[in-house]
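To be precise, the following lines are protein.tsv, and they hold TSV, C-alpha atoms.
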```tsv
chain	number	residue	atom	x	y	z
X	1	MET	CA	0.00	0.00	0.00
X	2	LYS	CA	1.31	3.45	-0.89
X	3	SER	CA	1.48	5.91	1.99
X	4	HIS	CA	-1.11	8.21	0.47
X	5	GLU	CA	-3.58	5.33	0.35
X	6	ASN	CA	-3.63	5.08	4.16
X	7	PRO	CA	-5.92	7.83	5.50
X	8	ALA	CA	-4.66	7.36	9.08
X	9	LEU	CA	-1.20	8.67	8.20
X	10	ILE	CA	-0.37	12.38	8.23
X	11	ARG	CA	1.44	12.85	4.92
X	12	THR	CA	4.07	15.53	5.43
X	13	ALA	CA	6.65	17.22	3.23
X	14	ILE	CA	9.69	18.83	4.86
X	15	VAL	CA	11.29	21.96	3.38
X	16	GLY	CA	14.88	22.22	4.57
X	17	VAL	CA	16.46	18.87	5.44
X	18	GLY	CA	18.73	20.19	8.19
X	19	ASN	CA	19.26	19.33	11.83
X	20	CYS	CA	15.65	19.94	12.89
X	21	ALA	CA	14.40	17.78	10.04
X	22	SER	CA	16.87	15.10	11.15
X	23	SER	CA	15.37	15.09	14.64
X	24	VAL	CA	11.83	14.98	13.22
X	25	VAL	CA	12.59	12.03	10.94
X	26	GLN	CA	14.49	10.17	13.65
X	27	GLY	CA	11.71	10.98	16.09
X	28	ILE	CA	8.98	9.44	13.94
X	29	SER	CA	10.89	6.18	13.57
X	30	TYR	CA	11.89	6.27	17.25
X	31	CYS	CA	8.26	6.60	18.33
X	32	ARG	CA	7.22	3.77	16.03
X	33	ALA	CA	9.94	1.51	17.44
X	34	GLN	CA	9.49	2.44	21.11
X	35	GLY	CA	5.74	2.95	21.33
X	36	ASP	CA	4.74	3.78	24.91
X	37	ARG	CA	8.40	3.52	25.98
X	38	ALA	CA	9.43	6.58	23.96
X	39	VAL	CA	11.01	9.23	26.19
X	40	GLY	CA	10.12	12.92	26.26
X	41	VAL	CA	7.22	12.93	23.79
X	42	SER	CA	5.10	16.09	23.89
X	43	PHE	CA	1.45	14.99	23.85
X	44	PRO	CA	1.89	11.24	23.16
X	45	ALA	CA	-1.68	11.19	21.82
X	46	LEU	CA	-3.35	14.29	20.43
X	47	GLY	CA	-6.75	14.28	18.78
X	48	GLY	CA	-6.35	10.57	18.12
X	49	TYR	CA	-2.91	10.94	16.47
X	50	THR	CA	0.54	9.96	17.72
X	51	PRO	CA	3.94	10.97	16.29
X	52	ALA	CA	4.15	7.50	14.77
X	53	ASP	CA	1.21	8.42	12.51
X	54	ILE	CA	3.31	11.00	10.64
X	55	GLU	CA	4.61	9.86	7.26
X	56	ILE	CA	7.28	11.92	5.51
X	57	VAL	CA	6.46	11.81	1.80
X	58	ALA	CA	8.90	14.37	0.34
X	59	GLY	CA	11.84	16.57	1.22
X	60	PHE	CA	13.21	19.71	-0.41
X	61	ASP	CA	16.78	20.95	-0.04
X	62	VAL	CA	19.59	22.59	-2.03
X	63	ASP	CA	22.64	20.68	-0.74
X	64	ALA	CA	24.47	18.24	-3.01
X	65	ARG	CA	24.95	15.85	-0.08
X	66	LYS	CA	21.18	15.46	0.36
X	67	VAL	CA	19.42	16.05	-2.97
X	68	GLY	CA	18.42	12.78	-4.65
X	69	LEU	CA	18.77	10.68	-1.50
X	70	PRO	CA	16.03	9.06	0.55
X	71	ILE	CA	15.31	11.35	3.45
X	72	GLY	CA	16.47	8.75	5.99
X	73	ALA	CA	19.98	8.99	4.52
X	74	ALA	CA	19.85	12.72	3.80
X	75	VAL	CA	19.16	13.72	7.41
X	76	LEU	CA	22.37	11.98	8.49
X	77	ALA	CA	24.54	13.74	5.88
X	78	ASP	CA	26.72	16.82	6.41
X	79	PRO	CA	26.31	19.56	7.43
X	80	ASN	CA	23.86	18.03	9.93
X	81	CYS	CA	25.45	17.45	13.32
X	82	THR	CA	22.59	16.81	15.73
X	83	GLU	CA	22.49	13.86	18.07
X	84	ARG	CA	21.61	10.52	16.49
X	85	PHE	CA	19.15	8.96	18.90
X	86	HIS	CA	17.62	6.47	16.46
X	87	ASP	CA	19.84	4.85	13.83
X	88	ASP	CA	17.45	2.66	11.84
X	89	LEU	CA	15.87	5.01	9.31
X	90	SER	CA	15.47	2.41	6.56
X	91	GLU	CA	11.70	3.00	6.50
X	92	GLN	CA	12.24	6.71	5.72
X	93	ARG	CA	12.42	6.45	1.92
X	94	ALA	CA	10.85	9.71	0.72
X	95	LEU	CA	12.98	11.42	-1.94
X	96	VAL	CA	14.74	14.72	-1.27
X	97	HIS	CA	14.13	17.04	-4.23
X	98	ARG	CA	16.26	19.97	-5.41
X	99	GLY	CA	14.44	23.10	-4.33
X	100	PRO	CA	15.22	26.64	-5.50
X	101	ASP	CA	17.93	28.62	-3.69
X	102	LEU	CA	16.12	31.98	-3.56
X	103	ASP	CA	17.30	33.68	-0.36
X	104	GLY	CA	17.70	30.41	1.54
X	105	VAL	CA	21.43	30.28	0.77
X	106	ALA	CA	23.43	33.14	2.24
X	107	ALA	CA	26.77	33.81	0.52
X	108	HIS	CA	28.83	33.11	3.65
X	109	MET	CA	27.25	29.65	3.95
X	110	LEU	CA	29.03	28.50	0.78
X	111	THR	CA	32.51	29.01	2.23
X	112	HIS	CA	32.41	26.95	5.42
X	113	GLY	CA	33.12	23.39	4.27
X	114	ALA	CA	31.37	20.62	6.16
X	115	ARG	CA	29.23	22.98	8.26
X	116	GLY	CA	28.11	25.19	5.38
X	117	PHE	CA	26.19	24.42	2.18
X	118	ALA	CA	27.40	22.62	-0.94
X	119	ARG	CA	24.99	23.77	-3.64
X	120	ALA	CA	23.69	20.87	-5.77
X	121	ASP	CA	24.28	20.94	-9.53
X	122	ALA	CA	20.84	19.47	-10.24
X	123	PRO	CA	18.39	22.00	-11.69
X	124	ALA	CA	16.06	23.52	-9.11
X	125	LEU	CA	12.40	22.62	-9.32
X	126	THR	CA	10.07	25.31	-10.56
X	127	ARG	CA	6.97	26.39	-8.67
X	128	ASP	CA	4.81	24.13	-10.83
X	129	GLN	CA	7.16	21.20	-10.26
X	130	VAL	CA	7.14	21.67	-6.47
X	131	ILE	CA	3.35	21.78	-6.53
X	132	ALA	CA	3.30	18.62	-8.65
X	133	VAL	CA	5.53	16.79	-6.13
X	134	LEU	CA	3.22	17.78	-3.28
X	135	ARG	CA	0.18	16.58	-5.19
X	136	GLU	CA	1.76	13.35	-6.47
X	137	THR	CA	2.97	12.34	-3.01
X	138	GLY	CA	-0.39	13.15	-1.45
X	139	ALA	CA	1.16	15.66	0.97
X	140	GLN	CA	-1.30	17.12	3.45
X	141	VAL	CA	1.09	19.21	5.55
X	142	VAL	CA	4.18	21.21	4.55
X	143	LEU	CA	6.68	21.74	7.37
X	144	VAL	CA	9.15	24.61	6.85
X	145	PHE	CA	12.63	24.39	8.40
X	146	LEU	CA	14.51	26.75	6.06
X	147	PRO	CA	17.41	28.91	7.30
X	148	VAL	CA	16.61	32.01	9.33
X	149	GLY	CA	16.28	35.04	7.07
X	150	ALA	CA	14.86	33.13	4.09
X	151	GLN	CA	11.84	35.40	3.60
X	152	GLU	CA	11.50	34.86	-0.15
X	153	ALA	CA	12.01	31.10	0.10
X	154	VAL	CA	9.45	30.64	2.87
X	155	GLU	CA	6.90	32.68	0.93
X	156	PHE	CA	7.63	30.58	-2.17
X	157	TYR	CA	6.83	27.33	-0.34
X	158	ALA	CA	3.82	28.88	1.42
X	159	ASP	CA	2.47	29.76	-2.02
X	160	CYS	CA	3.17	26.21	-3.25
X	161	ALA	CA	1.35	24.75	-0.23
X	162	LEU	CA	-1.69	26.91	-1.01
X	163	ALA	CA	-1.71	25.82	-4.64
X	164	ALA	CA	-1.29	22.14	-3.75
X	165	GLY	CA	-4.00	22.19	-1.07
X	166	CYS	CA	-1.69	21.60	1.90
X	167	ALA	CA	-1.70	22.94	5.44
X	168	LEU	CA	1.45	24.85	6.40
X	169	VAL	CA	3.53	24.62	9.56
X	170	ASN	CA	6.13	27.40	9.61
X	171	GLY	CA	8.94	26.64	12.03
X	172	ILE	CA	11.13	29.69	11.39
X	173	PRO	CA	10.92	33.45	12.06
X	174	VAL	CA	9.47	34.54	8.74
X	175	PHE	CA	5.98	35.77	9.54
X	176	ILE	CA	3.30	33.81	7.69
X	177	ALA	CA	0.69	32.60	10.19
X	178	SER	CA	1.07	35.86	12.12
X	179	ASP	CA	0.85	38.04	8.99
X	180	PRO	CA	-2.80	39.01	8.37
X	181	ALA	CA	-2.30	39.04	4.60
X	182	TRP	CA	-0.97	35.48	4.53
X	183	GLY	CA	-3.56	34.39	7.09
X	184	ALA	CA	-6.26	35.70	4.78
X	185	LYS	CA	-4.80	33.72	1.86
X	186	PHE	CA	-5.01	30.46	3.81
X	187	THR	CA	-8.50	31.32	5.01
X	188	ALA	CA	-9.63	31.97	1.43
X	189	ALA	CA	-8.09	28.68	0.29
X	190	GLY	CA	-9.82	26.75	3.08
X	191	LEU	CA	-6.49	25.61	4.54
X	192	PRO	CA	-4.96	25.85	8.04
X	193	VAL	CA	-1.64	27.53	8.81
X	194	LEU	CA	0.39	27.28	12.04
X	195	GLY	CA	3.40	29.37	13.12
X	196	ASP	CA	5.63	31.24	13.40
X	197	ASP	CA	9.04	30.21	14.82
X	198	PHE	CA	8.92	27.21	17.15
X	199	LYS	CA	9.34	27.53	20.86
X	200	ALA	CA	11.57	24.63	21.84
X	201	GLN	CA	10.21	21.91	24.09
X	202	PHE	CA	12.39	23.07	27.00
X	203	GLY	CA	14.46	25.86	25.49
X	204	ALA	CA	15.62	29.36	26.28
X	205	THR	CA	12.40	31.15	25.32
X	206	ILE	CA	10.02	28.99	27.34
X	207	VAL	CA	12.34	29.08	30.38
X	208	HIS	CA	12.76	32.85	30.06
X	209	ARG	CA	8.99	33.36	29.77
X	210	THR	CA	8.45	31.15	32.83
X	211	LEU	CA	10.86	33.22	34.94
X	212	VAL	CA	9.18	36.44	33.80
X	213	ASP	CA	5.74	35.00	34.54
X	214	LEU	CA	6.88	33.86	37.99
X	215	ALA	CA	8.16	37.36	38.77
X	216	LYS	CA	4.84	38.85	37.64
X	217	MET	CA	2.88	36.35	39.73
X	218	ARG	CA	4.92	37.18	42.83
X	219	GLY	CA	4.70	40.95	42.38
X	220	VAL	CA	8.37	41.43	41.41
X	221	THR	CA	9.18	44.28	39.02
X	222	VAL	CA	11.54	43.21	36.22
X	223	ASP	CA	13.70	46.17	35.20
X	224	ARG	CA	16.00	44.62	32.61
X	225	THR	CA	16.84	41.26	31.12
X	226	TYR	CA	18.93	39.49	28.53
X	227	GLN	CA	19.08	36.11	26.83
X	228	LEU	CA	22.35	35.43	24.98
X	229	ASN	CA	22.56	32.22	22.97
X	230	VAL	CA	25.56	30.47	21.42
X	231	GLY	CA	25.68	27.29	19.35
X	232	GLY	CA	27.65	25.41	16.74
X	233	ASN	CA	25.15	24.10	14.20
X	234	THR	CA	24.39	25.36	10.70
X	235	ASP	CA	21.60	27.54	12.07
X	236	PHE	CA	24.03	29.50	14.23
X	237	LEU	CA	26.53	29.75	11.36
X	238	ASN	CA	23.77	31.15	9.15
X	239	MET	CA	22.81	33.67	11.83
X	240	SER	CA	26.40	34.89	12.20
X	241	ASP	CA	25.41	37.31	9.42
X	242	PRO	CA	23.53	40.06	11.31
X	243	ALA	CA	21.46	40.83	8.21
X	244	ARG	CA	19.66	37.50	8.64
X	245	LEU	CA	18.81	38.08	12.30
X	246	THR	CA	16.20	40.84	12.26
X	247	ARG	CA	13.10	38.66	12.38
X	248	LYS	CA	14.70	36.18	14.80
X	249	ARG	CA	15.42	38.90	17.35
X	250	GLU	CA	11.94	40.34	16.85
X	251	SER	CA	10.31	36.95	17.33
X	252	LYS	CA	12.28	35.98	20.45
X	253	THR	CA	12.00	39.43	22.00
X	254	GLU	CA	8.23	39.63	21.50
X	255	ALA	CA	7.83	36.16	23.03
X	256	VAL	CA	9.46	37.39	26.24
X	257	GLN	CA	7.97	40.91	26.18
X	258	SER	CA	4.47	39.45	25.88
X	259	ALA	CA	4.95	37.73	29.25
X	260	MET	CA	5.84	41.03	31.00
X	261	SER	CA	3.37	43.12	33.01
X	262	ALA	CA	4.45	45.99	30.75
X	263	PRO	CA	6.98	45.85	27.89
X	264	LEU	CA	10.51	46.91	28.75
X	265	ASP	CA	12.26	49.75	26.97
X	266	GLY	CA	14.39	48.49	24.10
X	267	ASN	CA	17.57	49.45	25.96
X	268	ASP	CA	16.61	47.19	28.86
X	269	ILE	CA	16.07	43.95	26.94
X	270	ARG	CA	18.42	42.05	24.64
X	271	ILE	CA	17.48	38.64	23.30
X	272	GLY	CA	18.85	36.47	20.53
X	273	PRO	CA	21.74	34.50	19.08
X	274	SER	CA	25.08	36.06	19.95
X	275	ASP	CA	27.84	33.85	18.57
X	276	TYR	CA	28.75	30.77	16.57
X	277	VAL	CA	31.03	28.28	18.36
X	278	PRO	CA	31.75	25.38	15.95
X	279	TRP	CA	32.76	22.78	18.53
X	280	LEU	CA	29.37	23.03	20.24
X	281	ASN	CA	27.82	21.27	17.20
X	282	ASP	CA	24.06	21.06	17.83
X	283	ARG	CA	24.32	22.13	21.46
X	284	LYS	CA	22.86	25.52	22.32
X	285	VAL	CA	23.93	27.29	25.47
X	286	ALA	CA	21.69	30.10	26.70
X	287	TYR	CA	22.62	32.66	29.34
X	288	ILE	CA	19.58	34.33	30.88
X	289	ARG	CA	19.62	37.19	33.37
X	290	LEU	CA	16.79	39.13	35.00
X	291	GLU	CA	17.29	42.16	37.27
X	292	GLY	CA	14.41	43.52	39.27
X	293	ARG	CA	12.98	44.86	42.51
X	294	LEU	CA	11.23	43.13	45.40
X	295	PHE	CA	9.02	44.65	48.11
X	296	GLY	CA	10.14	48.14	49.03
X	297	GLY	CA	12.41	48.33	46.00
X	298	ALA	CA	14.93	45.83	47.37
X	299	ARG	CA	16.99	44.62	44.43
X	300	THR	CA	17.19	41.06	43.15
X	301	ASN	CA	18.66	39.30	40.14
X	302	ILE	CA	18.82	35.81	38.77
X	303	GLU	CA	21.22	34.24	36.28
X	304	LEU	CA	20.59	30.92	34.59
X	305	ARG	CA	22.61	28.80	32.17
X	306	LEU	CA	20.68	26.36	29.98
X	307	ASP	CA	22.52	23.76	27.87
X	308	VAL	CA	20.40	21.73	25.41
X	309	GLU	CA	20.65	19.71	22.21
X	310	ASP	CA	18.97	22.23	19.95
X	311	SER	CA	17.21	20.26	17.22
X	312	PRO	CA	15.37	17.52	19.19
X	313	ASN	CA	14.10	20.40	21.34
X	314	ALA	CA	12.38	21.90	18.28
X	315	ALA	CA	11.38	18.56	16.73
X	316	ALA	CA	9.24	17.62	19.73
X	317	GLU	CA	7.04	20.64	19.07
X	318	ALA	CA	7.08	20.10	15.30
X	319	LEU	CA	5.60	16.63	15.80
X	320	THR	CA	2.82	18.26	17.80
X	321	ALA	CA	2.25	21.01	15.23
X	322	ILE	CA	1.97	18.52	12.34
X	323	ARG	CA	-0.73	16.64	14.23
X	324	CYS	CA	-2.57	19.89	15.01
X	325	ALA	CA	-2.48	20.73	11.30
X	326	ARG	CA	-4.05	17.37	10.47
X	327	ILE	CA	-6.73	17.86	13.14
X	328	ALA	CA	-7.54	21.23	11.60
X	329	LEU	CA	-7.73	19.65	8.14
X	330	ASP	CA	-10.02	16.91	9.45
X	331	ARG	CA	-12.37	19.57	10.78
X	332	GLY	CA	-12.30	21.74	7.68
X	333	LEU	CA	-10.73	24.66	9.56
X	334	ALA	CA	-9.08	27.45	7.59
X	335	GLY	CA	-6.60	30.20	8.32
X	336	PRO	CA	-4.36	30.60	11.39
X	337	VAL	CA	-4.84	27.94	14.06
X	338	GLU	CA	-4.50	30.32	16.98
X	339	ALA	CA	-4.84	27.89	19.90
X	340	ALA	CA	-2.07	25.57	18.78
X	341	SER	CA	0.14	28.38	17.49
X	342	ALA	CA	0.07	30.24	20.81
X	343	PHE	CA	1.53	27.26	22.67
X	344	LEU	CA	3.99	26.02	20.06
X	345	PHE	CA	5.42	29.19	18.49
X	346	LYS	CA	7.25	32.33	19.59
X	347	HIS	CA	5.44	34.66	17.19
X	348	PRO	CA	1.87	33.34	16.89
X	349	PRO	CA	-1.10	35.28	15.54
X	350	GLN	CA	-2.30	35.74	19.14
X	351	GLN	CA	0.01	35.67	22.18
X	352	MET	CA	-1.24	33.90	25.33
X	353	ASN	CA	0.43	33.02	28.59
X	354	ASP	CA	1.75	29.49	28.48
X	355	THR	CA	-0.77	27.89	30.83
X	356	GLU	CA	-3.67	29.45	28.93
X	357	ALA	CA	-2.12	28.39	25.63
X	358	HIS	CA	-1.56	24.82	26.86
X	359	ASN	CA	-5.20	24.52	27.86
X	360	ALA	CA	-6.32	26.08	24.57
X	361	LEU	CA	-4.31	23.52	22.60
X	362	LEU	CA	-5.86	20.65	24.55
X	363	ASP	CA	-9.33	22.09	24.05
X	364	PHE	CA	-8.66	22.47	20.33
X	365	ALA	CA	-7.49	18.84	20.07
X	366	GLY	CA	-10.41	17.58	22.16
X	367	ASP	CA	-8.03	16.35	24.86
X	368	SER	CA	-8.93	18.81	27.63
X	369	THR	CA	-9.01	16.00	30.21
X	370	CYS	CA	-5.30	15.16	29.65
```
As structure tokens, please, write out the structure in this file.
Amino acid sequence: MKSHENPALIRTAIVGVGNCASSVVQGISYCRAQGDRAVGVSFPALGGYTPADIEIVAGFDVDARKVGLPIGAAVLADPNCTERFHDDLSEQRALVHRGPDLDGVAAHMLTHGARGFARADAPALTRDQVIAVLRETGAQVVLVFLPVGAQEAVEFYADCALAAGCALVNGIPVFIASDPAWGAKFTAAGLPVLGDDFKAQFGATIVHRTLVDLAKMRGVTVDRTYQLNVGGNTDFLNMSDPARLTRKRESKTEAVQSAMSAPLDGNDIRIGPSDYVPWLNDRKVAYIRLEGRLFGGARTNIELRLDVEDSPNAAAEALTAIRCARIALDRGLAGPVEAASAFLFKHPPQQMNDTEAHNALLDFAGDSTC
């Protein structure tokens, strides 16, 4: 039986076969192999779907080391460097196609050997060809994991998803779900869209928001804060060009500002990637500091260091978002899926506090008793 003949599977195409895609693909096979023994799964069952129900049917990339390979092999190729937590990917046979470069390939990424990009010689697919692949593979959901700063490329694939009749999950800080114009396009097409820019499962943004929320709950005034992140994967190398960072800083900063009692002045908050350290590989180290005032104006501060494997942290939420997209498709919902987006993404169409967003996601999925 072909995958698109099984209606229980969530047929998904991945755009950008990098480290996060590697963790997603490994994660699907891991959940299938481990079942109830799988560790650290966000929402093991959601609306009747598990991560094992996701079927990758196509990949799109520009790198010569990935294009033309089955996705199970491509996700283990350079420049990917994330942890390999599940080695048997023989079932992951979807083909990786040669997508267009557009602005997904920054010039400095072509000069960094194993950690940068090696542009494939194969001709890039046209818009019509990408749409044809999505239709021929029966894709229902398009998951975007392109490099930060790839505005034109993300919009290209969002347009292809609309034309092919697919839901979109946008994992990066290009604003699609949170842009009213794009939201209106998906509404008009009768298709759901989720985004933008994943919060990690237990990453710097969610921890930072939790500290801010705790201070607010306890009546502490936060006067200034920072979150400085360093890492060694291709994402951090890409973001070493400040020109590609504007939306990322905006997304991360808004995610923290939205948890404040009142937004801080721009001089009192600094959030975002700060350096590329090659030997860290896929580890991300975040340094978070809050300074504030207790009762009577007595000063306080807290400093926290968080060290995580970056890509599995995002993949856990991607596996949830894909299932939410399928639930929305099953129900005939169109446009931004606000409940799921508020919990899973840094820059959703509507910001909520994390407890409220968690409950809204469960209500949306019909799992409010979980």
Please tell me which residues are no farther than 8 Å from (6.9, 48.7, 33.4) in the file, counting all atoms listed in the file, and write them as a PDB file with C-alpha atoms, keeping the file's coordinate frame.
```pdb
ATOM      1  CA  THR X 221       9.180  44.280  39.020  1.00  0.00           C
ATOM      2  CA  VAL X 222      11.540  43.210  36.220  1.00  0.00           C
ATOM      3  CA  ASP X 223      13.700  46.170  35.200  1.00  0.00           C
ATOM      4  CA  SER X 261       3.370  43.120  33.010  1.00  0.00           C
ATOM      5  CA  ALA X 262       4.450  45.990  30.750  1.00  0.00           C
ATOM      6  CA  PRO X 263       6.980  45.850  27.890  1.00  0.00           C
ATOM      7  CA  LEU X 264      10.510  46.910  28.750  1.00  0.00           C
TER       8      LEU X 264
END
```
- Message: Which residues are close to range 51-55 of chain X, i.e. within 7 Å by only C-alpha atoms, leaving aside same-chain residues fewer than 3 positions away? Reply as a list in words.
- Response: Ala8, Leu9, Ile10, Arg11, Thr12, Ile28, Ser29, Cys31, Arg32 and Leu319 of chain X
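The two atoms in question, CA of His358 in chain X and CA of Ala340 in chain X, are spaced 8.1 Å apart.
In this model, the gap between CA of Ile206 in chain X and CA of Val169 in chain X comes to 19.4 Å.
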- Note on the structure: One residue among X:Ala318, X:Pro242, X:Tyr276, X:Met260 is nearest to Ala106 in chain X when using all atoms listed in the file, and that residue is X:Pro242
- Which of X:Val17, X:Ala118, X:Ala161, X:Leu125 sits closest to Ala74 in chain X [using only C-alpha atoms]: X:Val17
- Length of the CA of Leu228 in chain X to CA of Arg305 in chain X vector [Å]: 9.8 Å
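Using all atoms listed in the file for every distance, the candidate list X:Val130, X:Ala286, X:Val39, X:Ala167 yields X:Ala167 as the residue closest to Gly332 in chain X.
With all atoms listed in the file taken into account, the protein and nucleic acid residues at most 6 Å from Asp197 in chain X (excluding it and anything under 2 positions from it in its own chain) are Gly171, Ile172, Pro173, Gly195, Phe345 and Lys346 of chain X.
Residue nearest Leu194 in chain X, chosen from X:Asp363, X:Asp354, X:Asp213, X:Glu338 and counting all atoms listed in the file: X:Glu338.
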